[in-house]
$ cat upload.cif   # mmCIF, C-alpha atoms
data_structure
#
loop_
_atom_site.group_PDB
_atom_site.id
_atom_site.type_symbol
_atom_site.label_atom_id
_atom_site.label_comp_id
_atom_site.auth_asym_id
_atom_site.auth_seq_id
_atom_site.Cartn_x
_atom_site.Cartn_y
_atom_site.Cartn_z
ATOM 1 C CA MET U 1 -24.811 67.984 -53.475
ATOM 2 C CA ASP U 2 -22.611 70.925 -54.268
ATOM 3 C CA ASN U 3 -20.705 68.869 -56.842
ATOM 4 C CA ILE U 4 -23.816 67.909 -58.817
ATOM 5 C CA ASP U 5 -24.932 70.000 -61.759
ATOM 6 C CA LEU U 6 -28.694 69.754 -61.389
ATOM 7 C CA ASP U 7 -29.204 70.910 -64.966
ATOM 8 C CA PHE U 8 -27.990 67.532 -66.218
ATOM 9 C CA LEU U 9 -30.208 65.432 -63.976
ATOM 10 C CA SER U 10 -33.501 63.940 -64.973
ATOM 11 C CA PHE U 11 -34.153 62.733 -61.457
ATOM 12 C CA LEU U 12 -32.394 62.983 -58.137
ATOM 13 C CA SER U 13 -33.402 61.271 -54.945
ATOM 14 C CA LYS U 14 -31.611 61.540 -51.674
ATOM 15 C CA TYR U 15 -32.816 58.033 -50.911
ATOM 16 C CA PRO U 16 -33.143 55.068 -53.307
ATOM 17 C CA ILE U 17 -36.605 53.843 -54.184
ATOM 18 C CA ASP U 18 -37.807 50.424 -55.268
ATOM 19 C CA LYS U 19 -36.999 49.888 -58.943
ATOM 20 C CA ILE U 20 -39.271 47.336 -60.558
ATOM 21 C CA ILE U 21 -37.402 45.342 -63.188
ATOM 22 C CA ALA U 22 -40.036 42.838 -64.281
ATOM 23 C CA THR U 23 -43.698 42.120 -63.782
ATOM 24 C CA GLY U 24 -45.745 39.086 -64.653
ATOM 25 C CA THR U 25 -48.528 36.661 -63.925
ATOM 26 C CA ALA U 26 -48.492 32.922 -63.321
ATOM 27 C CA SER U 27 -51.126 30.246 -62.740
ATOM 28 C CA TYR U 28 -50.668 26.805 -61.271
ATOM 29 C CA LEU U 29 -53.108 24.032 -60.418
ATOM 30 C CA ASN U 30 -52.661 22.451 -57.009
ATOM 31 C CA SER U 31 -54.769 19.296 -56.648
ATOM 32 C CA GLY U 32 -54.643 19.237 -52.867
ATOM 33 C CA VAL U 33 -54.148 15.484 -52.981
ATOM 34 C CA THR U 34 -52.077 14.174 -50.086
ATOM 35 C CA SER U 35 -51.943 10.977 -48.091
ATOM 36 C CA ASP U 36 -53.697 12.500 -45.089
ATOM 37 C CA TYR U 37 -56.682 14.804 -44.785
ATOM 38 C CA ALA U 38 -54.811 16.885 -42.228
ATOM 39 C CA ALA U 39 -51.966 17.672 -44.636
ATOM 40 C CA ALA U 40 -52.051 20.468 -47.149
ATOM 41 C CA LYS U 41 -50.348 19.799 -50.446
ATOM 42 C CA ILE U 42 -47.379 22.128 -50.725
ATOM 43 C CA GLN U 43 -46.278 22.410 -54.320
ATOM 44 C CA ASN U 44 -43.362 24.191 -55.974
ATOM 45 C CA ASP U 45 -43.549 25.375 -59.581
ATOM 46 C CA THR U 46 -40.663 27.193 -61.205
ATOM 47 C CA ILE U 47 -39.838 29.442 -64.132
ATOM 48 C CA VAL U 48 -36.570 30.950 -65.297
ATOM 49 C CA ASN U 49 -35.772 34.235 -63.585
ATOM 50 C CA PRO U 50 -36.185 36.673 -66.495
ATOM 51 C CA VAL U 51 -33.688 39.173 -65.117
ATOM 52 C CA GLY U 52 -30.993 36.607 -64.313
ATOM 53 C CA ARG U 53 -29.938 38.031 -60.994
ATOM 54 C CA LEU U 54 -31.036 37.954 -57.398
ATOM 55 C CA CYS U 55 -33.855 40.357 -56.667
ATOM 56 C CA PHE U 56 -36.854 40.816 -54.406
ATOM 57 C CA ALA U 57 -40.444 39.955 -55.276
ATOM 58 C CA ARG U 58 -43.777 41.265 -54.153
ATOM 59 C CA PHE U 59 -46.981 39.641 -55.190
ATOM 60 C CA VAL U 60 -50.662 39.082 -54.631
ATOM 61 C CA TRP U 61 -52.473 35.834 -55.336
ATOM 62 C CA SER U 62 -55.959 34.506 -55.899
ATOM 63 C CA ILE U 63 -57.797 31.218 -56.215
ATOM 64 C CA ASP U 64 -60.966 32.742 -57.653
ATOM 65 C CA LEU U 65 -59.570 35.478 -59.929
ATOM 66 C CA ALA U 66 -61.844 37.942 -58.157
ATOM 67 C CA SER U 67 -60.320 38.655 -54.766
ATOM 68 C CA TYR U 68 -56.538 38.768 -54.404
ATOM 69 C CA SER U 69 -54.813 38.078 -51.108
ATOM 70 C CA SER U 70 -51.641 39.567 -49.705
ATOM 71 C CA ALA U 71 -48.423 37.572 -49.826
ATOM 72 C CA ASP U 72 -48.656 36.444 -46.223
ATOM 73 C CA ALA U 73 -52.363 35.599 -46.230
ATOM 74 C CA HIS U 74 -53.586 32.177 -45.138
ATOM 75 C CA LEU U 75 -57.157 31.256 -46.038
ATOM 76 C CA PHE U 76 -58.876 28.869 -43.653
ATOM 77 C CA TYR U 77 -62.064 26.858 -43.692
ATOM 78 C CA SER U 78 -63.734 24.282 -41.465
ATOM 79 C CA TYR U 79 -64.765 20.679 -41.888
ATOM 80 C CA THR U 80 -66.102 17.873 -39.739
ATOM 81 C CA ILE U 81 -64.943 14.329 -39.140
ATOM 82 C CA SER U 82 -67.519 11.615 -38.712
ATOM 83 C CA ILE U 83 -66.760 8.079 -37.557
ATOM 84 C CA THR U 84 -69.138 5.165 -38.093
ATOM 85 C CA PRO U 85 -69.468 3.096 -36.006
ATOM 86 C CA PRO U 86 -70.291 4.450 -33.532
ATOM 87 C CA GLY U 87 -71.763 7.285 -35.546
ATOM 88 C CA VAL U 88 -70.214 10.404 -34.096
ATOM 89 C CA THR U 89 -69.342 13.680 -35.732
ATOM 90 C CA SER U 90 -66.703 16.092 -34.524
ATOM 91 C CA SER U 91 -67.147 19.772 -33.984
ATOM 92 C CA PRO U 92 -65.809 21.823 -36.899
ATOM 93 C CA ALA U 93 -62.046 21.527 -37.361
ATOM 94 C CA ARG U 94 -59.916 24.229 -38.903
ATOM 95 C CA GLY U 95 -58.108 23.508 -42.131
ATOM 96 C CA LEU U 96 -55.799 25.490 -44.367
ATOM 97 C CA LYS U 97 -57.625 26.251 -47.579
ATOM 98 C CA ALA U 98 -54.869 28.097 -49.429
ATOM 99 C CA ALA U 99 -51.599 29.967 -48.988
ATOM 100 C CA ALA U 100 -48.825 31.042 -51.323
ATOM 101 C CA ALA U 101 -45.235 32.223 -51.381
ATOM 102 C CA MET U 102 -42.563 33.250 -53.874
ATOM 103 C CA GLY U 103 -38.851 32.474 -53.782
ATOM 104 C CA ILE U 104 -36.259 34.125 -55.994
ATOM 105 C CA SER U 105 -32.776 32.976 -56.923
ATOM 106 C CA ALA U 106 -30.504 34.376 -59.594
ATOM 107 C CA THR U 107 -31.738 31.767 -62.052
ATOM 108 C CA THR U 108 -35.164 30.609 -60.879
ATOM 109 C CA ILE U 109 -38.451 31.926 -59.588
ATOM 110 C CA THR U 110 -40.323 29.466 -57.397
ATOM 111 C CA PHE U 111 -44.076 29.766 -56.929
ATOM 112 C CA GLN U 112 -45.093 27.886 -53.811
ATOM 113 C CA THR U 113 -48.705 26.987 -53.155
ATOM 114 C CA ALA U 114 -50.442 25.147 -50.331
ATOM 115 C CA ASN U 115 -53.853 23.542 -50.707
ATOM 116 C CA GLY U 116 -55.459 21.734 -47.800
ATOM 117 C CA ASP U 117 -59.040 22.183 -48.939
ATOM 118 C CA HIS U 118 -61.369 19.185 -48.815
ATOM 119 C CA GLY U 119 -64.876 18.173 -47.907
ATOM 120 C CA ASN U 120 -66.005 16.639 -44.658
ATOM 121 C CA VAL U 121 -64.136 13.514 -43.644
ATOM 122 C CA ALA U 122 -66.202 10.351 -43.203
ATOM 123 C CA SER U 123 -64.774 7.169 -41.761
ATOM 124 C CA ILE U 124 -67.047 4.165 -42.296
ATOM 125 C CA ASP U 125 -64.738 1.578 -40.770
ATOM 126 C CA GLY U 126 -64.738 2.827 -37.229
ATOM 127 C CA GLY U 127 -61.748 5.099 -37.688
ATOM 128 C CA ALA U 128 -59.390 2.696 -39.424
ATOM 129 C CA THR U 129 -59.268 4.966 -42.471
ATOM 130 C CA PHE U 130 -60.327 8.546 -43.116
ATOM 131 C CA PRO U 131 -61.203 9.014 -46.756
ATOM 132 C CA TYR U 132 -61.658 12.552 -48.003
ATOM 133 C CA THR U 133 -62.203 14.387 -51.257
ATOM 134 C CA PRO U 134 -59.697 17.172 -52.032
ATOM 135 C CA VAL U 135 -60.812 20.381 -53.731
ATOM 136 C CA ALA U 136 -58.365 21.441 -56.426
ATOM 137 C CA HIS U 137 -57.493 25.127 -56.745
ATOM 138 C CA THR U 138 -55.748 27.150 -59.404
ATOM 139 C CA PHE U 139 -53.452 29.711 -57.842
ATOM 140 C CA ASN U 140 -53.052 32.910 -59.812
ATOM 141 C CA PHE U 141 -50.092 35.167 -59.071
ATOM 142 C CA LYS U 142 -49.538 38.792 -60.012
ATOM 143 C CA TYR U 143 -45.970 39.738 -59.185
ATOM 144 C CA ALA U 144 -43.293 42.353 -59.545
ATOM 145 C CA LEU U 145 -39.556 41.850 -59.238
ATOM 146 C CA PHE U 146 -37.536 44.727 -57.897
ATOM 147 C CA GLU U 147 -33.886 45.469 -57.313
ATOM 148 C CA ILE U 148 -32.120 44.558 -54.107
ATOM 149 C CA SER U 149 -30.035 47.727 -54.327
ATOM 150 C CA MET A 150 -48.275 70.934 -67.422
ATOM 151 C CA PRO A 151 -45.062 69.914 -69.213
ATOM 152 C CA ASP A 152 -44.920 67.469 -72.115
ATOM 153 C CA LEU A 153 -44.776 64.229 -70.137
ATOM 154 C CA THR A 154 -43.331 62.283 -73.056
ATOM 155 C CA LYS A 155 -40.137 64.319 -72.694
ATOM 156 C CA LEU A 156 -39.645 63.408 -69.076
ATOM 157 C CA ALA A 157 -37.487 60.578 -67.815
ATOM 158 C CA PHE A 158 -39.297 60.728 -64.525
ATOM 159 C CA PHE A 159 -42.489 62.327 -63.314
ATOM 160 C CA SER A 160 -44.131 62.060 -59.967
ATOM 161 C CA GLY A 161 -47.434 63.429 -58.921
ATOM 162 C CA VAL A 162 -47.406 61.312 -55.806
ATOM 163 C CA ASN A 163 -45.108 60.395 -52.944
ATOM 164 C CA TYR A 164 -42.747 57.466 -53.048
ATOM 165 C CA LEU A 165 -41.663 54.994 -50.424
ATOM 166 C CA LYS A 166 -38.012 55.858 -50.169
ATOM 167 C CA ARG A 167 -35.547 53.323 -48.866
ATOM 168 C CA SER A 168 -33.646 54.220 -45.756
ATOM 169 C CA ALA A 169 -29.882 54.170 -46.068
ATOM 170 C CA VAL A 170 -29.748 51.494 -43.377
ATOM 171 C CA SER A 171 -31.460 48.959 -45.630
ATOM 172 C CA GLY A 172 -29.083 46.094 -46.250
ATOM 173 C CA SER A 173 -28.195 42.459 -45.826
ATOM 174 C CA THR A 174 -26.002 40.221 -43.735
ATOM 175 C CA ALA A 175 -25.297 36.558 -43.073
ATOM 176 C CA LEU A 176 -26.437 34.969 -39.839
ATOM 177 C CA THR A 177 -24.968 31.781 -38.426
ATOM 178 C CA LEU A 178 -27.704 29.364 -37.446
ATOM 179 C CA PRO A 179 -27.706 28.500 -33.763
ATOM 180 C CA SER A 180 -28.248 25.084 -32.247
ATOM 181 C CA HIS A 181 -31.623 23.378 -32.348
ATOM 182 C CA GLY A 182 -34.257 25.317 -30.471
ATOM 183 C CA SER A 183 -32.249 28.514 -30.354
ATOM 184 C CA THR A 184 -32.693 31.880 -32.033
ATOM 185 C CA VAL A 185 -30.184 34.130 -33.720
ATOM 186 C CA THR A 186 -31.143 37.800 -33.798
ATOM 187 C CA TYR A 187 -29.878 40.755 -35.788
ATOM 188 C CA THR A 188 -30.827 44.293 -34.861
ATOM 189 C CA VAL A 189 -30.790 47.176 -37.305
ATOM 190 C CA THR A 190 -30.809 50.653 -35.776
ATOM 191 C CA HIS A 191 -32.743 53.048 -37.980
ATOM 192 C CA SER A 192 -33.287 55.885 -35.476
ATOM 193 C CA LEU A 193 -36.213 57.286 -37.458
ATOM 194 C CA GLY A 194 -38.263 58.047 -34.388
ATOM 195 C CA TYR A 195 -41.451 56.531 -35.830
ATOM 196 C CA ILE A 196 -42.675 53.111 -36.937
ATOM 197 C CA PRO A 197 -41.570 52.742 -40.560
ATOM 198 C CA PHE A 198 -42.769 50.340 -43.214
ATOM 199 C CA PHE A 199 -40.334 47.517 -43.761
ATOM 200 C CA GLN A 200 -39.815 44.251 -45.598
ATOM 201 C CA VAL A 201 -37.609 41.316 -44.630
ATOM 202 C CA PHE A 202 -36.413 38.432 -46.758
ATOM 203 C CA ALA A 203 -34.133 35.468 -46.080
ATOM 204 C CA ASP A 204 -32.402 32.618 -47.822
ATOM 205 C CA GLN A 205 -33.981 30.226 -45.368
ATOM 206 C CA GLY A 206 -32.875 27.104 -47.196
ATOM 207 C CA GLY A 207 -29.305 28.262 -47.739
ATOM 208 C CA ASP A 208 -29.643 27.453 -51.436
ATOM 209 C CA GLY A 209 -29.531 30.942 -52.909
ATOM 210 C CA THR A 210 -33.305 31.430 -53.024
ATOM 211 C CA ILE A 211 -34.722 34.275 -50.980
ATOM 212 C CA TRP A 212 -38.218 34.251 -49.551
ATOM 213 C CA GLY A 213 -40.409 36.487 -47.501
ATOM 214 C CA ALA A 214 -41.711 35.412 -44.157
ATOM 215 C CA SER A 215 -44.635 33.713 -45.896
ATOM 216 C CA LYS A 216 -42.544 30.768 -47.095
ATOM 217 C CA LEU A 217 -44.635 27.654 -46.704
ATOM 218 C CA ASP A 218 -43.615 24.686 -44.615
ATOM 219 C CA PRO A 219 -45.418 21.392 -44.027
ATOM 220 C CA TYR A 220 -45.004 21.905 -40.296
ATOM 221 C CA THR A 221 -46.624 25.291 -40.059
ATOM 222 C CA ASP A 222 -49.091 25.016 -42.911
ATOM 223 C CA THR A 223 -50.838 21.765 -42.120
ATOM 224 C CA SER A 224 -52.395 20.283 -39.024
ATOM 225 C CA LEU A 225 -50.660 16.988 -39.651
ATOM 226 C CA THR A 226 -48.768 15.590 -36.717
ATOM 227 C CA GLY A 227 -45.405 13.957 -37.106
ATOM 228 C CA THR A 228 -43.979 16.521 -39.505
ATOM 229 C CA ASP A 229 -40.789 18.417 -38.861
ATOM 230 C CA LEU A 230 -39.894 22.029 -39.478
ATOM 231 C CA VAL A 231 -37.629 22.064 -42.519
ATOM 232 C CA PHE A 232 -36.565 25.702 -42.631
ATOM 233 C CA PRO A 233 -35.562 28.180 -39.931
ATOM 234 C CA THR A 234 -38.456 30.474 -39.100
ATOM 235 C CA LEU A 235 -38.037 34.107 -40.104
ATOM 236 C CA VAL A 236 -39.489 36.584 -37.626
ATOM 237 C CA SER A 237 -39.127 40.357 -37.623
ATOM 238 C CA TRP A 238 -40.573 43.403 -35.974
ATOM 239 C CA VAL A 239 -39.904 47.094 -35.867
ATOM 240 C CA THR A 240 -39.843 49.770 -33.210
ATOM 241 C CA THR A 241 -39.367 53.506 -33.501
ATOM 242 C CA THR A 242 -35.607 53.017 -33.423
ATOM 243 C CA THR A 243 -34.790 49.463 -34.493
ATOM 244 C CA LEU A 244 -35.707 46.598 -36.786
ATOM 245 C CA VAL A 245 -35.194 43.192 -35.215
ATOM 246 C CA ILE A 246 -34.784 40.129 -37.439
ATOM 247 C CA SER A 247 -34.624 36.623 -36.024
ATOM 248 C CA LEU A 248 -34.099 33.154 -37.388
ATOM 249 C CA ILE A 249 -35.507 30.482 -35.094
ATOM 250 C CA ASN A 250 -33.847 27.145 -35.641
ATOM 251 C CA ASN A 251 -36.366 24.474 -34.735
ATOM 252 C CA THR A 252 -35.544 22.407 -37.795
ATOM 253 C CA THR A 253 -35.276 18.633 -37.848
ATOM 254 C CA PRO A 254 -32.716 17.505 -38.801
ATOM 255 C CA THR A 255 -31.048 20.582 -37.415
ATOM 256 C CA ALA A 256 -30.028 23.016 -40.135
ATOM 257 C CA THR A 257 -26.518 24.418 -39.880
ATOM 258 C CA GLY A 258 -24.366 27.026 -41.589
ATOM 259 C CA THR A 259 -25.199 30.598 -42.462
ATOM 260 C CA ARG A 260 -28.314 32.171 -43.940
ATOM 261 C CA ASN A 261 -28.425 35.515 -45.717
ATOM 262 C CA ILE A 262 -31.073 37.953 -44.542
ATOM 263 C CA TYR A 263 -32.175 41.135 -46.321
ATOM 264 C CA TRP A 264 -34.169 44.078 -45.078
ATOM 265 C CA LEU A 265 -35.722 47.177 -46.530
ATOM 266 C CA ILE A 266 -36.746 50.056 -44.298
ATOM 267 C CA TYR A 267 -38.801 52.765 -45.917
ATOM 268 C CA GLN A 268 -38.798 56.406 -45.027
ATOM 269 C CA ASP A 269 -42.114 57.878 -44.146
ATOM 270 C CA TYR A 270 -44.096 59.535 -46.884
ATOM 271 C CA GLY A 271 -42.566 62.813 -47.907
ATOM 272 C CA THR A 272 -44.409 66.076 -47.760
#
$ encode --input "upload.cif" --output "C-alpha cells"
Amino acid sequence: MDNIDLDFLSFLSKYPIDKIIATGTASYLNSGVTSDYAAAKIQNDTIVNPVGRLCFARFVWSIDLASYSSADAHLFYSYTISITPPGVTSSPARGLKAAAAMGISATTITFQTANGDHGNVASIDGGATFPYTPVAHTFNFKYALFEIS
Amino acid sequence: MPDLTKLAFFSGVNYLKRSAVSGSTALTLPSHGSTVTYTVTHSLGYIPFFQVFADQGGDGTIWGASKLDPYTDTSLTGTDLVFPTLVSWVTTTTLVISLINNTTPTATGTRNIYWLIYQDYGT
C-alpha cells in the first residue's frame, strides 16, 4: 500500500469484486415431447460466447415472464395416471415442470432447459401404452457473464 | 455530491468482495461410486456466501450445480447419470467441494472446479 500513489487511483479494492462483462436475455421453446411421460425433455440451445473467453454466468429464468426463478430452482407439479380396464386412477404423482441451467465455454454459451410438464396420463388399453399430452414452455433467461479472475 | 459523470467508480452501497482464496483446481475423477473432495480453507470465522462451478463434462464448458441431467431431472427409470454430481458446502472455516462419480459408463480423467468465496458485507 505504501508504494501506491492514491492520487492516481480511481478505485482501489483490497479484494477483487465480480466484474460483469456482458449481460443479455434469451428465450427458447421446449416442447416437452419425449417418448415417455416420466421423462422431462432436456434441451440444449447455444449462442456464441460474446466475450470469447471462459467466464462465469449467473442468471434467473422464467416460463411465464412474470415470476423469475433462481438458477437452481426446480418447479414441480402433480398428475394422475389412470388405467382402463380396470378403471383405476393413481394418487397424484410428482413431475418436473421446469428447470434450467447455463454452461459457459470460451466459445459457446449453452442454455439448458428441462420440461416434463404434461396433463394427466390415461391408458385405455389396460396399461399397454400411456399416452400423454405435453405442455410446451418458453424459457426466458436473464443473465450476466462475469470474470473468473 | 460530486459530479458523478466524472467518476470512474462510485459506490453508495456495499459490494460482495471476493476472498483471496477463491480459485480453481483440477480433480481426478475416482472410480464408479466414489467421491473426490477438495477442501478450501478460508478461515473467515463466519459462514460466507460462495459459488461453485465445474467442468462436469470435461469439455471446457463450466456449469453451476444446477446442470440438468436425465437421471436427476426425470422420474424415468433406466436412465444413467451422465455427469459427475457437483456438491459443495461451507463452514465457518472451510469450503468443501465434491464430485461424485456415479456415471454410467464411468467417466474418467480430470475435471476443473472453480469456487468464489465472498467476504462479508463491509461496514
$ resolve_selection --input "upload.cif" --expression "the PyMOL selection byres ((chain U and resi 105) around 9)" --output "VMD selection string"
(chain U and resid 49 52 to 55 103 to 104 106 to 110) or (chain A and resid 208 to 211)
$ interface_residues --input "upload.cif" --of "chain U" --to "chain A" --cutoff "9 Å" --atoms "only C-alpha atoms" --output "VMD selection string"
chain U and resid 10 to 11 13 to 18 36 to 42 54 to 58 71 to 74 94 to 96 99 to 106 108 to 110 112 to 114 116 148 to 149
$ atom_distance --input "upload.cif" --atom1 "atom CA of Asp125 of chain U" --atom2 "atom CA of Val88 of chain U"
12.3 Å
$ residues_around --input "upload.cif" --residues "segment 25-27 of chain U" --least-positions-apart "4" --cutoff "9 Å" --atoms "only C-alpha atoms" --output "list in words"
Phe111, Thr138, Phe139, Asn140, Phe141, Lys142, Tyr143 and Ala144 of chain U
$ atom_distance --input "upload.cif" --atom1 "atom CA of Thr177 of chain A" --atom2 "atom CA of Ile262 of chain A"
10.6 Å
$ residues_around --input "upload.cif" --residues "Thr255 of chain A" --least-positions-apart "6" --cutoff "12 Å" --atoms "only C-alpha atoms" --output "PyMOL selection string"
chain A and resi 178-183+206+229-233+249
$ atom_distance --input "upload.cif" --atom1 "atom CA of Leu176 of chain A" --atom2 "atom CA of Ser237 of chain A"
14.0 Å
$ resolve_selection --input "upload.cif" --expression "the PyMOL selection byres ((chain U and resi 117) around 8)" --output "list in words"
Gly32, Ala40, Tyr77, Gly95, Leu96, Lys97, Ala98, Asn115, Gly116, His118, Gly119, Pro134, Val135 and Ala136 of chain U
$ resolve_selection --input "upload.cif" --expression "the PyMOL selection byres ((chain A and resi 245) around 9)" --output "number ranges by chain"
A: 186-190, 236-240, 243-244, 246-247
$ closest_residue --input "upload.cif" --among "A:Asn251, A:Thr242, A:Ile266, A:Thr257" --to "Tyr195 of chain A" --atoms "only C-alpha atoms"
A:Thr242
$ residues_around --input "upload.cif" --residues "Ala175 of chain A" --least-positions-apart "4" --cutoff "7 Å" --atoms "only C-alpha atoms" --output "PDB file with C-alpha atoms, in the frame of the given file"
ATOM      1  CA  THR A 259     -25.199  30.598 -42.462  1.00  0.00           C
ATOM      2  CA  ARG A 260     -28.314  32.171 -43.940  1.00  0.00           C
ATOM      3  CA  ASN A 261     -28.425  35.515 -45.717  1.00  0.00           C
ATOM      4  CA  ILE A 262     -31.073  37.953 -44.542  1.00  0.00           C
TER       5      ILE A 262
END
$ axis_aligned_box --input "upload.cif" --around "segment 189-195 of chain A" --padding-each-side "8 Å" --output "AutoDock Vina command-line options"
--center_x -36.1 --center_y 52.6 --center_z -36.2 --size_x 26.7 --size_y 26.9 --size_z 19.6
$ closest_residue --input "upload.cif" --among "U:Leu145, U:His137, U:Ser69, U:Ile81" --to "Gln43 of chain U" --atoms "only C-alpha atoms"
U:His137
$ decode --input "upload.cif" --residues "segment 189-206 of chain A" --atoms "N, CA, C and O atoms" --output "mmCIF file, in the first residue's frame"
data_model
loop_
_atom_site.group_PDB
_atom_site.id
_atom_site.type_symbol
_atom_site.label_atom_id
_atom_site.label_comp_id
_atom_site.auth_asym_id
_atom_site.auth_seq_id
_atom_site.Cartn_x
_atom_site.Cartn_y
_atom_site.Cartn_z
ATOM 1 N N VAL A 189 -11.226 -26.172 0.665
ATOM 2 C CA VAL A 189 -10.611 -24.843 0.658
ATOM 3 C C VAL A 189 -10.722 -24.277 2.072
ATOM 4 O O VAL A 189 -11.810 -24.216 2.636
ATOM 5 N N THR A 190 -9.620 -23.881 2.637
ATOM 6 C CA THR A 190 -9.642 -23.256 3.971
ATOM 7 C C THR A 190 -9.725 -21.744 3.810
ATOM 8 O O THR A 190 -8.839 -21.131 3.217
ATOM 9 N N HIS A 191 -10.827 -21.161 4.310
ATOM 10 C CA HIS A 191 -10.961 -19.712 4.166
ATOM 11 C C HIS A 191 -10.725 -18.981 5.501
ATOM 12 O O HIS A 191 -10.372 -17.816 5.518
ATOM 13 N N SER A 192 -10.942 -19.672 6.597
ATOM 14 C CA SER A 192 -10.628 -19.139 7.931
ATOM 15 C C SER A 192 -11.316 -17.815 8.253
ATOM 16 O O SER A 192 -10.801 -17.009 9.025
ATOM 17 N N LEU A 193 -12.484 -17.574 7.656
ATOM 18 C CA LEU A 193 -13.157 -16.301 7.883
ATOM 19 C C LEU A 193 -13.825 -16.236 9.254
ATOM 20 O O LEU A 193 -14.061 -15.164 9.792
ATOM 21 N N GLY A 194 -14.177 -17.372 9.788
ATOM 22 C CA GLY A 194 -14.802 -17.368 11.103
ATOM 23 C C GLY A 194 -16.312 -17.171 11.063
ATOM 24 O O GLY A 194 -16.948 -17.061 12.109
ATOM 25 N N TYR A 195 -16.886 -17.089 9.870
ATOM 26 C CA TYR A 195 -18.335 -16.994 9.718
ATOM 27 C C TYR A 195 -18.721 -17.708 8.432
ATOM 28 O O TYR A 195 -17.860 -18.074 7.623
ATOM 29 N N ILE A 196 -20.000 -17.909 8.218
ATOM 30 C CA ILE A 196 -20.468 -18.593 7.014
ATOM 31 C C ILE A 196 -20.517 -17.573 5.871
ATOM 32 O O ILE A 196 -21.366 -16.675 5.868
ATOM 33 N N PRO A 197 -19.653 -17.695 4.896
ATOM 34 C CA PRO A 197 -19.652 -16.712 3.808
ATOM 35 C C PRO A 197 -20.560 -17.160 2.652
ATOM 36 O O PRO A 197 -20.913 -18.336 2.538
ATOM 37 N N PHE A 198 -20.927 -16.205 1.819
ATOM 38 C CA PHE A 198 -21.555 -16.558 0.551
ATOM 39 C C PHE A 198 -20.502 -17.199 -0.341
ATOM 40 O O PHE A 198 -19.317 -16.857 -0.273
ATOM 41 N N PHE A 199 -20.943 -18.104 -1.195
ATOM 42 C CA PHE A 199 -19.981 -18.723 -2.102
ATOM 43 C C PHE A 199 -20.696 -19.211 -3.352
ATOM 44 O O PHE A 199 -21.921 -19.376 -3.366
ATOM 45 N N GLN A 200 -19.922 -19.428 -4.392
ATOM 46 C CA GLN A 200 -20.424 -20.042 -5.620
ATOM 47 C C GLN A 200 -19.403 -21.069 -6.085
ATOM 48 O O GLN A 200 -18.197 -20.844 -5.953
ATOM 49 N N VAL A 201 -19.905 -22.168 -6.654
ATOM 50 C CA VAL A 201 -19.038 -23.232 -7.144
ATOM 51 C C VAL A 201 -19.466 -23.593 -8.557
ATOM 52 O O VAL A 201 -20.668 -23.663 -8.859
ATOM 53 N N PHE A 202 -18.501 -23.792 -9.404
ATOM 54 C CA PHE A 202 -18.740 -24.198 -10.784
ATOM 55 C C PHE A 202 -17.820 -25.375 -11.106
ATOM 56 O O PHE A 202 -16.807 -25.579 -10.442
ATOM 57 N N ALA A 203 -18.163 -26.115 -12.165
ATOM 58 C CA ALA A 203 -17.303 -27.234 -12.561
ATOM 59 C C ALA A 203 -17.493 -27.542 -14.039
ATOM 60 O O ALA A 203 -18.580 -27.346 -14.595
ATOM 61 N N ASP A 204 -16.419 -28.009 -14.620
ATOM 62 C CA ASP A 204 -16.465 -28.519 -15.995
ATOM 63 C C ASP A 204 -16.828 -29.995 -15.896
ATOM 64 O O ASP A 204 -15.985 -30.872 -16.052
ATOM 65 N N GLN A 205 -18.109 -30.241 -15.615
ATOM 66 C CA GLN A 205 -18.518 -31.605 -15.287
ATOM 67 C C GLN A 205 -18.372 -32.577 -16.452
ATOM 68 O O GLN A 205 -18.165 -33.759 -16.260
ATOM 69 N N GLY A 206 -18.480 -32.055 -17.669
ATOM 70 C CA GLY A 206 -18.357 -32.926 -18.828
ATOM 71 C C GLY A 206 -16.946 -33.067 -19.339
ATOM 72 O O GLY A 206 -16.678 -33.867 -20.249
#
